[in-house]
Amino acid sequence: MLRFQRNKRAARSAAAAALVLLVLLTAAGCGVPHYPASVNMASMSMDGHNHAGHEQVGTTANTIACTELQDPDTGAEVREFELTAQDTTIRLEDGTTVEAWTFNGSTPGPELRVHEGDRVVVKLINRDIEEGVTIHWHGVAVPCSQDGVAGVTQDAVWPGESFTYSFIADHHGTYWYHSHQESSEQAKKGLIGRIVIEPKEKTFQYDKDFAVTMQELDGAGYMINGSTDGLKLNAEPGETVRLRLVNSTNRTQFMGVAGVPFKVISMDGQDLNGPTPITRQFLPVGAAQRYDLLFEMPQEGNVVVFNKYEDGLTAILGGGDTKVDDGRLYKTAPIFDFTSYGTPNDDGVTPDMAFDRTYELDFGTTFSGFTINGKAFHDVPPLLVKEGEWIKLRLIYNSGGDHPVHLHGHFFKVLTKNGKPLTGSPVYLDTILLERGDVYEIAFRADNPGLWMQHCHNLDHAAKGMSMMVNYEGVSTPYFVGTDTGNLPD
Ligand SMILES: [Cu+2]
């Protein structure tokens, strides 16, 4: 009862905030909020209190609730963590302070480092975040009940409450986590962190394994592993380094490496086949994407990983003379192209194979916001899929800026770009960066039943409508998105 009232209170303040936002945004002409009072994302029924709506949701014999979809007990090693969301005063390098929302007092929150095959158990506690919180495990193909999307897979966790996530870390790689309640606000306020799943057996050999998160914190600006001043990482001459880059900001970060040739060994936690050394190219790390690099420390001097535009986003590895100036020299360097990188390897997933369903999604920037096929969340019809099917999506973008499109719960293979099949390594991603004029075809196997969001990971765009659902037939949810429940995922 108490919880219900708290939700109601949150709903009222959310409704008031939404009204203010509506007035402001309408005045600015740049978008409108898209939350109704209540909508069920499985049935798309508009009123949770409507009896007919309830009948549509999860009560018939042929449906299974998202909450019932969990990883079976495998006897895997259990790794337990506790993450407390809390209001925290952060002290920056220049001595100033900023009010942030953190997990366990820091942003990014603690790195969760586990092994492939482990069961990851994370107790999320909300100490004092009035807006409610969740944790979404970006890129990790968790079962539906653990996906952490407020109003789809769970209710937002209110102050004083907790929620325990449990899933098998079944694919190694570099991932991250963030609140998926009012995510466009909460990620910028600091509710992010990193999860690294180490391989059972190394697919690449290295001596050092570093991970860095780029973020843009409200009031502080760009930070790299929580520092506004760049980062020093200790590596000795001759050591081979794996460097995991995580972009938790809302925009593409163009990252260069000065001092050594390097390989891109993984994107979005998926190894590339036969990567070859490159130099003087900028990696276009789209919002939410991850790039893992491999390089050998030079005998003299250091290695500088730097950002094309933001000086604070720099990591210096090793001692000796800095190569930053060297880096500056190649500001006009070409942009890395994953469509022709690495070595082909036919895994049977090809543009001309038979697909069970093909959908076209046209991403748009309009006067009033951001759209998919001309509609904004929650009015975009969900894509329906059935377990076991192969799905092809044609993604189109013809406007300004870029959109990193993220599909929850799945990896997808990039089939073609602008009509041409990839010529290098197979590339599997969870987030694909659409730039003006791009047409991508991607494919995924519907192998993880559930209700999955697909949205732009410039979270401001998602909040202004560029968001939708990919729904498996027969999966229901007892939760509702909207101001009535206070579940506001974007
Ligand atoms: Cu976008």
# chains A, B, ... in the order shown; residues from 1 in each chain; ligands from 1
call {"tool": "residues_near_ligand", "arguments": {"ligand": "ligand 1", "cutoff": "6 Å", "atoms": "only C-alpha atoms and all ligand atoms", "output": "list in words"}}
result
His403, Cys456, Asn458 and His461 of chain A
call {"tool": "residues_around", "arguments": {"residues": "A:Thr416", "least_positions_apart": "3", "cutoff": "9 Å", "atoms": "only C-alpha atoms", "output": "compact mmCIF listing (two decimals) with N, CA, C and O atoms, in the first residue's frame"}}
result
# COMPACT_ATOMS: atom_id res chain seq x y z
N THR A 339 33.32 -1.82 -42.11
CA THR A 339 32.73 -2.65 -43.16
C THR A 339 33.78 -3.33 -44.04
O THR A 339 33.46 -4.20 -44.83
N PRO A 351 23.37 -11.73 -46.60
CA PRO A 351 22.26 -10.87 -47.02
C PRO A 351 21.21 -11.63 -47.83
O PRO A 351 20.03 -11.27 -47.78
N GLY A 419 23.84 -0.93 -49.54
CA GLY A 419 23.67 -1.95 -50.57
C GLY A 419 24.85 -2.87 -50.76
O GLY A 419 24.74 -3.86 -51.48
N LYS A 420 25.98 -2.57 -50.12
CA LYS A 420 27.16 -3.40 -50.34
C LYS A 420 27.44 -4.29 -49.13
O LYS A 420 27.52 -3.81 -48.00
N PRO A 421 27.60 -5.60 -49.36
CA PRO A 421 27.93 -6.50 -48.25
C PRO A 421 29.29 -6.13 -47.64
O PRO A 421 30.16 -5.58 -48.33
N LEU A 422 29.46 -6.42 -46.36
CA LEU A 422 30.73 -6.19 -45.71
C LEU A 422 31.80 -7.06 -46.36
O LEU A 422 31.53 -8.21 -46.73
N VAL A 439 22.10 3.52 -45.25
CA VAL A 439 21.12 2.44 -45.24
C VAL A 439 21.88 1.17 -44.83
O VAL A 439 22.80 0.75 -45.53
N TYR A 440 21.52 0.62 -43.70
CA TYR A 440 22.13 -0.62 -43.24
C TYR A 440 21.08 -1.73 -43.26
O TYR A 440 19.92 -1.50 -42.93
N GLU A 441 21.54 -2.92 -43.63
CA GLU A 441 20.72 -4.11 -43.38
C GLU A 441 21.40 -4.90 -42.27
O GLU A 441 22.61 -5.17 -42.35
N ILE A 442 20.63 -5.25 -41.27
CA ILE A 442 21.15 -6.04 -40.16
C ILE A 442 20.24 -7.24 -39.96
O ILE A 442 19.08 -7.25 -40.38
call {"tool": "residues_around", "arguments": {"residues": "A:Thr343", "least_positions_apart": "2", "cutoff": "6 Å", "atoms": "only C-alpha atoms", "output": "MDAnalysis selection string"}}
result
chainID A and resid 273:274 424:425
call {"tool": "closest_residue", "arguments": {"among": "A:Ile129, A:Lys232, A:Pro159, A:Arg113", "to": "A:Ile197", "atoms": "only C-alpha atoms"}}
result
A:Arg113
call {"tool": "residues_around", "arguments": {"residues": "A:Val260", "least_positions_apart": "4", "cutoff": "9 Å", "atoms": "only C-alpha atoms", "output": "PyMOL selection string"}}
result
chain A and resi 278-279+295-298+302-304
call {"tool": "closest_residue", "arguments": {"among": "A:Arg91, A:His171, A:Arg436, A:Arg251", "to": "A:Ala288", "atoms": "only C-alpha atoms"}}
result
A:Arg251
call {"tool": "residues_around", "arguments": {"residues": "stretch 356-362 of chain A", "least_positions_apart": "2", "cutoff": "7 Å", "atoms": "only C-alpha atoms", "output": "count of residues only"}}
result
13
call {"tool": "closest_residue", "arguments": {"among": "A:Glu435, A:Asp490, A:Asp71, A:Glu216", "to": "A:Ser183", "atoms": "only C-alpha atoms"}}
result
A:Asp490
call {"tool": "select_by_dssp", "arguments": {"residues": "stretch 258-473 of chain A", "states": "helix (DSSP H, G or I)", "output": "list in words"}}
result
Val324, Asp325, Asp326, Gly327, Arg328, Phe338, Thr339, Ser340, Leu459, Asp460, His461, Ala462 and Ala463 of chain A
call {"tool": "closest_residue", "arguments": {"among": "A:Gln146, A:Gly190, A:Gly450, A:Ile195", "to": "A:Asn104", "atoms": "only C-alpha atoms"}}
result
A:Gly190
call {"tool": "atom_distance", "arguments": {"atom1": "atom CA of A:Lys375", "atom2": "atom CA of A:Asp352"}}
result
29.5 Å
call {"tool": "residues_around", "arguments": {"residues": "A:Ala169", "least_positions_apart": "2", "cutoff": "7 Å", "atoms": "only C-alpha atoms", "output": "MDAnalysis selection string"}}
result
chainID A and resid 116:120 167 171 197
call {"tool": "write_last_selection", "arguments": {"atoms": "N, CA, C and O atoms", "output": "PDB file, in the first residue's frame"}}
result
ATOM      1  N   GLU A 116      33.202 -15.339 -17.974  1.00  0.00           N
ATOM      2  CA  GLU A 116      32.215 -15.976 -18.843  1.00  0.00           C
ATOM      3  C   GLU A 116      31.667 -17.220 -18.142  1.00  0.00           C
ATOM      4  O   GLU A 116      32.437 -18.035 -17.623  1.00  0.00           O
ATOM      5  N   GLY A 117      30.358 -17.334 -18.097  1.00  0.00           N
ATOM      6  CA  GLY A 117      29.740 -18.499 -17.460  1.00  0.00           C
ATOM      7  C   GLY A 117      29.316 -18.256 -16.025  1.00  0.00           C
ATOM      8  O   GLY A 117      28.529 -19.027 -15.473  1.00  0.00           O
ATOM      9  N   ASP A 118      29.831 -17.190 -15.393  1.00  0.00           N
ATOM     10  CA  ASP A 118      29.429 -16.875 -14.016  1.00  0.00           C
ATOM     11  C   ASP A 118      27.962 -16.485 -13.964  1.00  0.00           C
ATOM     12  O   ASP A 118      27.424 -15.911 -14.920  1.00  0.00           O
ATOM     13  N   ARG A 119      27.340 -16.746 -12.822  1.00  0.00           N
ATOM     14  CA  ARG A 119      26.037 -16.128 -12.548  1.00  0.00           C
ATOM     15  C   ARG A 119      26.290 -14.810 -11.830  1.00  0.00           C
ATOM     16  O   ARG A 119      26.958 -14.764 -10.796  1.00  0.00           O
ATOM     17  N   VAL A 120      25.798 -13.730 -12.411  1.00  0.00           N
ATOM     18  CA  VAL A 120      25.989 -12.400 -11.837  1.00  0.00           C
ATOM     19  C   VAL A 120      24.727 -12.042 -11.060  1.00  0.00           C
ATOM     20  O   VAL A 120      23.625 -12.074 -11.620  1.00  0.00           O
ATOM     21  N   PHE A 167      21.638 -13.118 -13.580  1.00  0.00           N
ATOM     22  CA  PHE A 167      21.738 -13.616 -14.956  1.00  0.00           C
ATOM     23  C   PHE A 167      23.081 -14.295 -15.163  1.00  0.00           C
ATOM     24  O   PHE A 167      24.028 -14.053 -14.409  1.00  0.00           O
ATOM     25  N   HIS A 171      28.394 -14.456 -22.493  1.00  0.00           N
ATOM     26  CA  HIS A 171      29.242 -14.085 -23.632  1.00  0.00           C
ATOM     27  C   HIS A 171      30.275 -13.058 -23.195  1.00  0.00           C
ATOM     28  O   HIS A 171      29.917 -11.980 -22.744  1.00  0.00           O
ATOM     29  N   ILE A 197      33.138  -8.901 -18.972  1.00  0.00           N
ATOM     30  CA  ILE A 197      33.064 -10.358 -18.858  1.00  0.00           C
ATOM     31  C   ILE A 197      34.326 -10.929 -19.509  1.00  0.00           C
ATOM     32  O   ILE A 197      34.501 -10.838 -20.722  1.00  0.00           O
TER      33      ILE A 197
END
call {"tool": "select_by_dssp", "arguments": {"residues": "stretch 283-487 of chain A", "states": "strand (DSSP E or B)", "output": "PyMOL selection string"}}
result
chain A and resi 283-285+290-296+303-307+315-317+335+357-366+369-372+375+383-385+390-397+402-407+412-417+420-421+428-429+431-435+439-445+451-456+467-472+475-476+481-482+487
call {"tool": "residues_around", "arguments": {"residues": "A:Thr102", "least_positions_apart": "2", "cutoff": "8 Å", "atoms": "only C-alpha atoms", "output": "number ranges by chain"}}
result
A: 84-88, 100, 104-109, 189-192
call {"tool": "closest_residue", "arguments": {"among": "A:Thr174, A:Ser399, A:Thr67, A:Thr89", "to": "A:Asp147", "atoms": "only C-alpha atoms"}}
result
A:Thr67
call {"tool": "atom_distance", "arguments": {"atom1": "atom CA of A:Thr249", "atom2": "atom CA of A:Ala376"}}
result
22.5 Å
call {"tool": "atom_distance", "arguments": {"atom1": "atom CA of A:Gly256", "atom2": "atom CA of A:Phe282"}}
result
4.8 Å
